[in-house]
>>> print(open('coords16.cif').read())   # mmCIF, C-alpha atoms and all ligand atoms
data_protein
#
loop_
_atom_site.label_atom_id
_atom_site.label_comp_id
_atom_site.auth_asym_id
_atom_site.auth_seq_id
_atom_site.Cartn_x
_atom_site.Cartn_y
_atom_site.Cartn_z
CA MET U 1 103.17 41.77 113.00
CA SER U 2 105.84 42.75 110.53
CA GLY U 3 103.41 44.21 108.02
CA GLY U 4 104.29 41.34 105.71
CA LYS U 5 101.98 38.75 104.22
CA ASP U 6 102.55 35.94 106.74
CA SER U 7 102.04 37.97 109.87
CA THR U 8 98.99 39.59 108.27
CA ALA U 9 97.59 36.11 107.59
CA CYS U 10 98.21 35.27 111.26
CA TYR U 11 96.46 38.46 112.38
CA LEU U 12 93.43 37.55 110.25
CA LEU U 13 93.45 33.99 111.58
CA ALA U 14 93.54 35.32 115.13
CA ILE U 15 90.47 37.42 114.38
CA GLU U 16 88.74 34.28 113.10
CA SER U 17 89.51 32.56 116.41
CA GLY U 18 87.10 34.97 118.08
CA ARG U 19 89.41 35.30 121.06
CA PRO U 20 91.01 38.54 122.27
CA PHE U 21 94.61 39.01 121.25
CA ARG U 22 97.30 41.66 120.92
CA ALA U 23 99.26 42.39 117.75
CA VAL U 24 102.77 43.80 118.13
CA PHE U 25 105.13 45.42 115.63
CA ALA U 26 108.82 45.99 116.47
CA ASP U 27 109.84 49.20 114.71
CA THR U 28 113.50 48.99 113.71
CA GLY U 29 113.59 52.53 112.33
CA ASN U 30 114.86 51.05 109.05
CA GLU U 31 111.38 50.59 107.62
CA HIS U 32 109.55 51.79 104.57
CA GLU U 33 106.78 54.28 105.37
CA ALA U 34 104.25 51.97 103.67
CA VAL U 35 104.72 49.49 106.51
CA TYR U 36 103.54 51.94 109.16
CA GLU U 37 100.55 52.91 107.05
CA TYR U 38 99.65 49.28 106.40
CA ILE U 39 99.74 48.16 110.03
CA ASN U 40 97.98 51.31 111.20
CA ARG U 41 95.11 50.74 108.76
CA LEU U 42 94.60 47.07 109.59
CA PRO U 43 92.19 47.64 112.50
CA ASP U 44 89.86 49.77 110.35
CA ARG U 45 89.98 47.26 107.56
CA THR U 46 89.31 44.26 109.77
CA ALA U 47 87.80 45.37 113.10
CA GLY U 48 90.80 43.64 114.68
CA PRO U 49 92.92 45.20 117.44
CA LYS U 50 95.26 48.13 116.94
CA VAL U 51 98.81 47.03 116.22
CA GLU U 52 101.00 48.05 119.16
CA ILE U 53 104.43 49.41 118.27
CA VAL U 54 107.52 48.76 120.37
CA ARG U 55 110.92 50.37 119.85
CA ALA U 56 114.25 49.56 121.42
CA ASP U 57 115.89 52.39 123.37
CA PHE U 58 119.69 52.58 123.30
CA SER U 59 120.14 55.73 125.41
CA ARG U 60 122.03 53.85 128.12
CA GLN U 61 124.40 52.16 125.68
CA LEU U 62 125.00 55.44 123.83
CA ASN U 63 125.86 57.26 127.07
CA ARG U 64 128.21 54.50 128.12
CA HIS U 65 129.99 54.46 124.76
CA ARG U 66 130.22 58.26 124.68
CA ASP U 67 131.83 58.24 128.17
CA TYR U 68 134.29 55.61 126.98
CA ILE U 69 135.23 57.76 123.96
CA LEU U 70 135.71 60.88 126.08
CA GLU U 71 137.91 59.04 128.55
CA LYS U 72 139.92 56.62 126.40
CA TRP U 73 140.32 58.10 122.94
CA PRO U 74 142.46 61.09 124.04
CA GLN U 75 144.80 58.61 125.77
CA GLN U 76 145.11 56.77 122.46
CA GLY U 77 146.29 59.87 120.63
CA ILE U 78 143.03 60.59 118.83
CA SER U 79 142.57 64.25 118.05
CA ALA U 80 140.34 66.38 120.27
CA GLU U 81 138.27 67.35 117.23
CA LYS U 82 137.51 63.72 116.37
CA VAL U 83 136.76 62.87 119.99
CA GLN U 84 134.29 65.73 120.29
CA GLN U 85 132.64 64.88 116.97
CA ALA U 86 132.21 61.21 117.88
CA ALA U 87 130.95 62.04 121.37
CA ALA U 88 128.40 64.53 120.02
CA LEU U 89 127.02 61.92 117.62
CA HIS U 90 126.12 59.74 120.60
CA ALA U 91 123.07 61.85 121.42
CA PRO U 92 120.09 59.47 120.98
CA THR U 93 118.17 60.13 117.77
CA GLY U 94 115.21 57.94 118.71
CA ASN U 95 115.80 55.85 115.59
CA PRO U 96 116.54 52.38 117.01
CA TYR U 97 118.56 51.12 114.04
CA LEU U 98 120.82 54.17 113.86
CA ASP U 99 121.22 54.42 117.63
CA LEU U 100 122.13 50.74 117.83
CA CYS U 101 124.79 51.12 115.11
CA VAL U 102 126.25 54.26 116.68
CA SER U 103 126.41 52.59 120.10
CA LYS U 104 128.33 49.70 118.57
CA GLY U 105 130.33 51.76 116.08
CA ARG U 106 129.28 49.45 113.25
CA PHE U 107 126.39 48.00 111.27
CA PRO U 108 125.15 44.45 111.83
CA SER U 109 126.07 41.77 109.32
CA ARG U 110 125.20 38.20 108.50
CA MET U 111 128.07 37.05 110.72
CA ALA U 112 127.19 39.49 113.50
CA GLN U 113 123.46 39.79 113.16
CA PHE U 114 122.72 41.54 116.41
CA CYS U 115 119.93 43.58 114.81
CA THR U 116 117.17 40.98 115.06
CA GLU U 117 117.82 40.34 118.73
CA GLU U 118 118.35 43.96 119.74
CA LEU U 119 115.69 45.59 117.57
CA LYS U 120 112.95 42.98 117.58
CA THR U 121 113.25 40.03 119.95
CA LEU U 122 114.31 41.96 123.06
CA PRO U 123 111.88 44.90 122.76
CA ILE U 124 108.95 42.52 122.20
CA THR U 125 110.05 40.27 125.05
CA GLU U 126 110.80 43.06 127.50
CA GLN U 127 107.96 45.43 126.66
CA ILE U 128 105.15 42.97 125.87
CA ILE U 129 105.82 39.33 126.78
CA LEU U 130 107.37 39.65 130.25
CA PRO U 131 104.77 42.16 131.53
CA ALA U 132 101.98 39.96 130.10
CA LEU U 133 103.44 36.89 131.80
CA ARG U 134 102.91 38.58 135.15
CA ASP U 135 99.18 38.26 134.48
CA GLY U 136 99.25 34.63 133.38
CA PRO U 137 100.39 32.32 130.60
CA VAL U 138 101.16 33.81 127.20
CA LEU U 139 100.62 32.10 123.87
CA GLN U 140 102.66 33.85 121.19
CA TRP U 141 101.65 33.26 117.55
CA LEU U 142 104.43 33.32 114.98
CA GLY U 143 103.81 33.67 111.25
CA ILE U 144 106.38 31.04 110.27
CA ARG U 145 105.81 28.75 107.30
CA ALA U 146 107.76 25.55 106.79
CA ASP U 147 108.39 26.22 103.10
CA GLU U 148 110.16 29.54 103.78
CA SER U 149 113.54 27.97 104.53
CA ALA U 150 115.24 24.79 105.70
CA ASN U 151 115.77 26.33 109.13
CA ARG U 152 112.12 27.18 109.55
CA ARG U 153 111.07 23.75 108.32
CA ARG U 154 112.92 22.21 111.26
CA GLN U 155 111.01 24.22 113.84
CA PRO U 156 108.25 22.65 115.93
CA ARG U 157 104.70 23.85 115.60
CA PHE U 158 104.52 24.39 119.33
CA ASN U 159 107.18 24.85 122.02
CA LYS U 160 108.04 26.88 125.08
CA HIS U 161 110.39 29.83 124.64
CA ASP U 162 113.11 30.93 127.07
CA SER U 163 110.98 33.98 127.88
CA GLY U 164 108.37 31.67 129.43
CA ALA U 165 105.82 32.21 126.64
CA TYR U 166 104.47 29.33 124.58
CA LEU U 167 105.13 29.65 120.85
CA TRP U 168 102.53 28.52 118.32
CA ARG U 169 103.01 28.57 114.56
CA PRO U 170 99.45 28.50 113.23
CA ILE U 171 100.28 28.82 109.51
CA PHE U 172 103.24 26.42 109.60
CA ASN U 173 101.88 24.20 106.82
CA TRP U 174 100.44 26.98 104.71
CA THR U 175 101.68 27.76 101.22
CA VAL U 176 102.13 31.27 99.86
CA GLU U 177 98.87 30.79 97.98
CA ASP U 178 97.11 29.94 101.27
CA VAL U 179 98.41 33.22 102.66
CA TRP U 180 97.08 35.26 99.73
CA ARG U 181 93.79 33.36 99.91
CA GLN U 182 93.49 34.45 103.53
CA HIS U 183 93.96 38.09 102.46
CA ARG U 184 91.28 37.74 99.77
CA LYS U 185 88.88 36.01 102.16
CA HIS U 186 88.99 39.06 104.44
CA GLY U 187 89.09 41.58 101.59
CA ILE U 188 92.48 42.85 102.75
CA PRO U 189 94.88 44.24 100.13
CA ARG U 190 98.40 43.02 100.38
CA ASN U 191 101.13 45.34 101.55
CA PRO U 192 101.80 47.66 98.56
CA LEU U 193 105.52 46.95 98.81
CA TYR U 194 104.86 43.59 97.14
CA ASP U 195 103.23 45.40 94.23
CA ALA U 196 106.34 47.58 94.02
CA GLY U 197 108.34 44.43 93.32
CA MET U 198 109.59 43.69 96.81
CA GLY U 199 109.78 40.01 97.73
CA ARG U 200 109.66 40.71 101.44
CA VAL U 201 108.56 43.32 103.95
CA GLY U 202 111.14 44.28 106.54
CA CYS U 203 114.21 46.43 106.87
CA MET U 204 114.82 48.60 103.83
CA PRO U 205 117.29 47.31 103.06
CA CYS U 206 118.17 44.29 105.16
CA VAL U 207 121.84 43.52 105.73
CA ASN U 208 121.09 40.10 104.26
CA CYS U 209 119.38 41.35 101.12
CA SER U 210 120.18 39.85 97.76
CA LYS U 211 121.72 41.65 94.78
CA GLY U 212 118.35 41.71 93.02
CA GLU U 213 116.51 43.07 96.03
CA LEU U 214 119.02 45.86 96.48
CA ARG U 215 118.70 46.81 92.82
CA LYS U 216 114.91 46.98 93.13
CA ILE U 217 115.07 49.08 96.30
CA ALA U 218 117.49 51.52 94.68
CA ALA U 219 115.26 51.84 91.62
CA GLN U 220 111.97 52.23 93.50
CA PHE U 221 113.03 53.91 96.73
CA PRO U 222 116.29 55.84 96.20
CA GLU U 223 115.54 57.95 99.27
CA HIS U 224 116.14 54.89 101.45
CA ILE U 225 119.54 54.35 99.85
CA ALA U 226 120.31 58.03 100.51
CA ARG U 227 119.31 57.53 104.15
CA ILE U 228 121.64 54.56 104.50
CA GLU U 229 124.44 56.55 102.88
CA GLN U 230 123.91 59.26 105.48
CA TRP U 231 123.93 56.66 108.25
CA GLU U 232 127.21 55.25 106.95
CA GLN U 233 128.80 58.69 107.34
CA THR U 234 127.39 59.05 110.84
CA VAL U 235 128.49 55.63 112.05
CA ALA U 236 131.92 56.08 110.42
CA ALA U 237 132.40 59.27 112.43
CA THR U 238 131.72 57.40 115.66
CA ASN U 239 134.44 54.79 115.40
CA LYS U 240 138.22 55.03 115.44
CA ARG U 241 138.64 53.62 111.94
CA GLY U 242 136.59 56.45 110.51
CA SER U 243 134.86 54.02 108.18
CA SER U 244 131.72 51.95 108.32
CA THR U 245 129.64 50.34 105.63
CA PHE U 246 126.09 49.04 105.72
CA PHE U 247 127.02 45.82 104.01
CA ALA U 248 129.81 43.78 105.50
CA ALA U 249 133.20 45.09 104.48
CA VAL U 250 134.53 43.57 101.30
CA THR U 251 137.52 44.75 99.34
CA ASP U 252 136.21 46.78 96.47
CA PRO U 253 137.61 45.29 93.25
CA THR U 254 137.00 48.52 91.37
CA ASP U 255 138.68 50.69 93.96
CA VAL U 256 142.16 50.50 92.48
CA ASP U 257 143.32 53.83 93.86
CA ARG U 258 142.54 52.86 97.42
CA PRO U 259 143.25 49.15 97.70
CA GLY U 260 141.88 47.61 100.83
CA THR U 261 139.32 50.31 101.50
CA TYR U 262 135.72 49.37 101.90
CA SER U 263 132.78 50.22 99.75
CA GLY U 264 129.79 52.17 100.82
CA ILE U 265 126.22 51.43 99.86
CA ARG U 266 126.36 53.73 96.84
CA THR U 267 129.10 51.62 95.25
CA VAL U 268 127.32 48.39 96.09
CA VAL U 269 124.12 49.74 94.54
CA GLU U 270 126.00 50.64 91.35
CA TRP U 271 127.39 47.14 91.26
CA SER U 272 123.90 45.67 91.83
CA GLN U 273 122.87 47.25 88.54
CA THR U 274 125.48 45.31 86.60
CA ALA U 275 124.86 41.88 85.14
CA ARG U 276 128.32 40.57 85.93
CA GLY U 277 131.64 41.60 87.43
CA GLY U 278 132.91 42.64 90.82
CA ARG U 279 134.05 39.23 91.93
CA GLN U 280 134.25 40.04 95.65
CA PHE U 281 130.81 41.59 95.70
CA GLN U 282 129.44 38.63 93.82
CA MET U 283 130.94 36.23 96.32
CA PHE U 284 129.70 38.31 99.22
CA PHE U 285 126.12 38.32 97.98
CA GLU U 286 126.24 34.66 97.02
CA GLU U 287 126.98 33.92 100.66
CA GLN U 288 124.04 35.99 101.85
CA THR U 289 121.02 34.10 103.13
CA GLY U 290 119.02 36.51 101.00
CA GLY U 291 116.00 38.56 101.91
CA GLY U 292 115.80 38.99 105.64
CA CYS U 293 116.97 36.87 108.49
CA ASP U 294 116.10 33.37 109.47
CA SER U 295 115.19 34.18 113.06
CA ASP U 296 113.41 31.49 115.05
CA MET U 297 110.78 34.04 115.99
CA ALA U 298 109.87 34.90 112.39
CA LEU U 299 110.50 38.54 113.16
CA CYS U 300 112.08 39.24 109.79
CA GLU U 301 110.20 38.04 106.77
CA ARG U 302 111.91 35.81 104.21
CA ASP U 303 112.04 36.71 100.54
CA THR U 304 110.15 34.26 98.39
CA GLN U 305 111.24 35.88 95.11
CA ASP U 306 114.96 35.90 95.75
CA GLU U 307 117.42 35.77 92.90
S1 LIG U 401 115.29 42.51 108.46
FE1 LIG U 401 117.53 42.22 108.22
S2 LIG U 401 118.48 44.15 108.93
FE2 LIG U 401 116.37 44.08 109.73
S3 LIG U 401 116.51 43.18 111.77
FE3 LIG U 401 116.07 41.48 110.32
S4 LIG U 401 118.11 40.68 109.72
FE4 LIG U 401 118.44 42.72 110.67
#
>>> encode(input="coords16.cif", output="structure tokens")
Amino acid sequence: MSGGKDSTACYLLAIESGRPFRAVFADTGNEHEAVYEYINRLPDRTAGPKVEIVRADFSRQLNRHRDYILEKWPQQGISAEKVQQAAALHAPTGNPYLDLCVSKGRFPSRMAQFCTEELKTLPITEQIILPALRDGPVLQWLGIRADESANRRRQPRFNKHDSGAYLWRPIFNWTVEDVWRQHRKHGIPRNPLYDAGMGRVGCMPCVNCSKGELRKIAAQFPEHIARIEQWEQTVAATNKRGSSTFFAAVTDPTDVDRPGTYSGIRTVVEWSQTARGGRQFQMFFEEQTGGGCDSDMALCERDTQDE
């Protein structure tokens, strides 16, 4: 369960099967509050099972990285004040996304998209699938549709995953209209984020988001942009460069006074509100896959209204 339309359609289809099942949501910590409310209300609205929530824990990685900083940075001539500040910021916050970025000293990107694996695939595999496999075979339903992307179209409907679970894609041949029809059939409203203009439900924002999606998020949910801005400052203070940006570093074409410096989310948001200009930003976003990741496990929903 991502709280998006496809996984909700799967959940409803599983109820129709009449067989017991478990529904699992991997909380990245970079979610809109409407997602938690939506998945928490599903059981009451459907008489289906409660959606179990798993979260990755990076305490071990944070401790290891903090010890490295305390030992190595002073030897590299980094000031005691900066060492102490960076080390202190390695206390786990309990927010998986932020803790992951602090432990790595950077944000994920399209080219280094460790977020899906670390925040979704591994917690679900380690906390749900592997324990369940000890009791017998596991059939894992994935809300993947062939018409979401070329990559997803190439996937089989059924295969065995490295975890040992069997993967089944029950709505593989469904259209978006089929998915909405399934919602209507069960009298289930769609996630309100779609009504707020979002094309996908998932990280807010996703490192792969499109220019248009970022503009809509900034207009509708500025508090999430403010949160990311705060995270950028935190992650920047935990690496030697003293800089870190949510979107992959691009040279800011408008930053003439500081050539070669990188732009934070606030600058990228301002650019997203322009019709044209900012050649590097434009190129960067044109290379984005747009709206979520293309994970084989359908753990990040794809945007069907991308620009
Ligand atoms: S939605 Fe985007 S940012 Fe979130 S885990 Fe998936 S790829 Fe990463």
>>> atom_distance(input="coords16.cif", atom1="CA of Gly197 (chain U)", atom2="CA of Phe221 (chain U)")
11.1 Å
>>> closest_residue(input="coords16.cif", among="U:Ser149, U:Lys240, U:Leu12, U:Glu229", to="Gly264 (chain U)", atoms="all atoms listed in the file")
U:Glu229
>>> residues_near_point(input="coords16.cif", point="(105.7, 38.5, 112.7)", cutoff="12 Å", atoms="only C-alpha atoms", output="ChimeraX atom specification")
/U:1-11,23-27,39,51,116,120-121,124,140-145,168-171,201-202,295-302
>>> atom_distance(input="coords16.cif", atom1="CA of Leu89 (chain U)", atom2="CA of Ser263 (chain U)")
22.1 Å
>>> residues_around(input="coords16.cif", residues="Leu119 (chain U)", least_positions_apart="2", cutoff="7 Å", atoms="only C-alpha atoms", output="ChimeraX atom specification")
/U:26,28,56,96,115-117,121-123
>>> residues_around(input="coords16.cif", residues="Asn95 (chain U)", least_positions_apart="3", cutoff="6 Å", atoms="all atoms listed in the file", output="PyMOL selection string")
chain U and resi 29+98-99
>>> write_last_selection(input="coords16.cif", atoms="C-alpha atoms", output="mmCIF file, in the frame of the given file")
data_model
loop_
_atom_site.group_PDB
_atom_site.id
_atom_site.type_symbol
_atom_site.label_atom_id
_atom_site.label_comp_id
_atom_site.auth_asym_id
_atom_site.auth_seq_id
_atom_site.Cartn_x
_atom_site.Cartn_y
_atom_site.Cartn_z
ATOM 1 C CA GLY U 29 113.590 52.530 112.330
ATOM 2 C CA LEU U 98 120.820 54.170 113.860
ATOM 3 C CA ASP U 99 121.220 54.420 117.630
#
>>> atom_distance(input="coords16.cif", atom1="CA of Tyr68 (chain U)", atom2="CA of Val207 (chain U)")
27.4 Å
>>> residues_around(input="coords16.cif", residues="Pro20 (chain U)", least_positions_apart="2", cutoff="12 Å", atoms="all atoms listed in the file", output="PyMOL selection string")
chain U and resi 11+13-18+22-23+47-50+139
>>> closest_residue(input="coords16.cif", among="U:Arg266, U:Lys72, U:Arg45, U:Lys104", to="Glu118 (chain U)", atoms="only C-alpha atoms")
U:Lys104
>>> closest_residue(input="coords16.cif", among="U:Asp44, U:Ala248, U:Thr93, U:Leu62", to="ligand LIG 401 (chain U)", atoms="all atoms listed in the file")
U:Ala248
>>> residues_near_point(input="coords16.cif", point="(134.5, 57.1, 126.1)", cutoff="12 Å", atoms="only C-alpha atoms", output="MDAnalysis selection string")
chainID U and resid 61:76 78 83:84 86:88 90 103 238:240
>>> residues_around(input="coords16.cif", residues="Asp57 (chain U)", least_positions_apart="2", cutoff="8 Å", atoms="only C-alpha atoms", output="list in words")
Arg55, Ser59, Arg60, Gly94 and Pro96 of chain U
>>> closest_residue(input="coords16.cif", among="U:Phe158, U:Trp174, U:Tyr97, U:Tyr166", to="ligand LIG 401 (chain U)", atoms="all atoms listed in the file")
U:Tyr97
>>> residues_around(input="coords16.cif", residues="Met204 (chain U)", least_positions_apart="3", cutoff="7 Å", atoms="only C-alpha atoms", output="count of residues only")
4
>>> closest_residue(input="coords16.cif", among="U:Thr125, U:Gln233, U:Asn159, U:Ser210", to="ligand LIG 401 (chain U)", atoms="all atoms listed in the file")
U:Ser210
>>> closest_residue(input="coords16.cif", among="U:Ala196, U:Cys209, U:Ile228, U:Val102", to="ligand LIG 401 (chain U)", atoms="all atoms listed in the file")
U:Cys209
>>> build_atoms(input="coords16.cif", residues="region 53-70 of chain U", atoms="N, CA, C and O atoms", output="short mmCIF file (atom, residue, chain, number, x, y, z; two decimals), keeping the file's coordinate frame")
data_model
loop_
_atom_site.label_atom_id
_atom_site.label_comp_id
_atom_site.auth_asym_id
_atom_site.auth_seq_id
_atom_site.Cartn_x
_atom_site.Cartn_y
_atom_site.Cartn_z
N ILE U 53 103.08 49.23 118.79
CA ILE U 53 104.43 49.41 118.27
C ILE U 53 105.43 49.49 119.42
O ILE U 53 105.23 50.28 120.36
N VAL U 54 106.45 48.66 119.36
CA VAL U 54 107.52 48.76 120.37
C VAL U 54 108.81 49.18 119.66
O VAL U 54 109.02 48.87 118.48
N ARG U 55 109.63 49.93 120.40
CA ARG U 55 110.92 50.37 119.85
C ARG U 55 111.99 50.18 120.92
O ARG U 55 111.76 50.49 122.09
N ALA U 56 113.12 49.69 120.49
CA ALA U 56 114.25 49.56 121.42
C ALA U 56 114.80 50.95 121.73
O ALA U 56 114.75 51.85 120.90
N ASP U 57 115.30 51.12 122.94
CA ASP U 57 115.89 52.39 123.37
C ASP U 57 117.35 52.15 123.75
O ASP U 57 117.64 51.35 124.65
N PHE U 58 118.26 52.81 123.06
CA PHE U 58 119.69 52.58 123.30
C PHE U 58 120.36 53.75 124.02
O PHE U 58 121.58 53.91 123.94
N SER U 59 119.57 54.55 124.72
CA SER U 59 120.14 55.73 125.41
C SER U 59 121.25 55.33 126.36
O SER U 59 122.31 55.97 126.41
N ARG U 60 121.03 54.28 127.12
CA ARG U 60 122.03 53.85 128.12
C ARG U 60 123.34 53.43 127.43
O ARG U 60 124.42 53.85 127.82
N GLN U 61 123.20 52.62 126.39
CA GLN U 61 124.40 52.16 125.68
C GLN U 61 125.13 53.33 125.02
O GLN U 61 126.36 53.36 125.00
N LEU U 62 124.37 54.29 124.48
CA LEU U 62 125.00 55.44 123.83
C LEU U 62 125.77 56.27 124.85
O LEU U 62 126.90 56.71 124.59
N ASN U 63 125.18 56.49 126.02
CA ASN U 63 125.86 57.26 127.07
C ASN U 63 127.14 56.57 127.51
O ASN U 63 128.17 57.21 127.70
N ARG U 64 127.04 55.25 127.67
CA ARG U 64 128.21 54.50 128.12
C ARG U 64 129.34 54.58 127.08
O ARG U 64 130.49 54.80 127.42
N HIS U 65 128.97 54.43 125.82
CA HIS U 65 129.99 54.46 124.76
C HIS U 65 130.57 55.86 124.61
O HIS U 65 131.78 56.03 124.40
N ARG U 66 129.73 56.88 124.76
CA ARG U 66 130.22 58.26 124.68
C ARG U 66 131.23 58.52 125.82
O ARG U 66 132.30 59.11 125.60
N ASP U 67 130.90 58.05 127.04
CA ASP U 67 131.83 58.24 128.17
C ASP U 67 133.15 57.54 127.92
O ASP U 67 134.22 58.06 128.25
N TYR U 68 133.07 56.36 127.30
CA TYR U 68 134.29 55.61 126.98
C TYR U 68 135.15 56.42 125.99
O TYR U 68 136.37 56.57 126.16
N ILE U 69 134.51 56.97 124.97
CA ILE U 69 135.23 57.76 123.96
C ILE U 69 135.92 58.97 124.61
O ILE U 69 137.09 59.24 124.38
N LEU U 70 135.16 59.67 125.46
CA LEU U 70 135.71 60.88 126.08
C LEU U 70 136.88 60.56 126.99
O LEU U 70 137.84 61.33 127.10
#
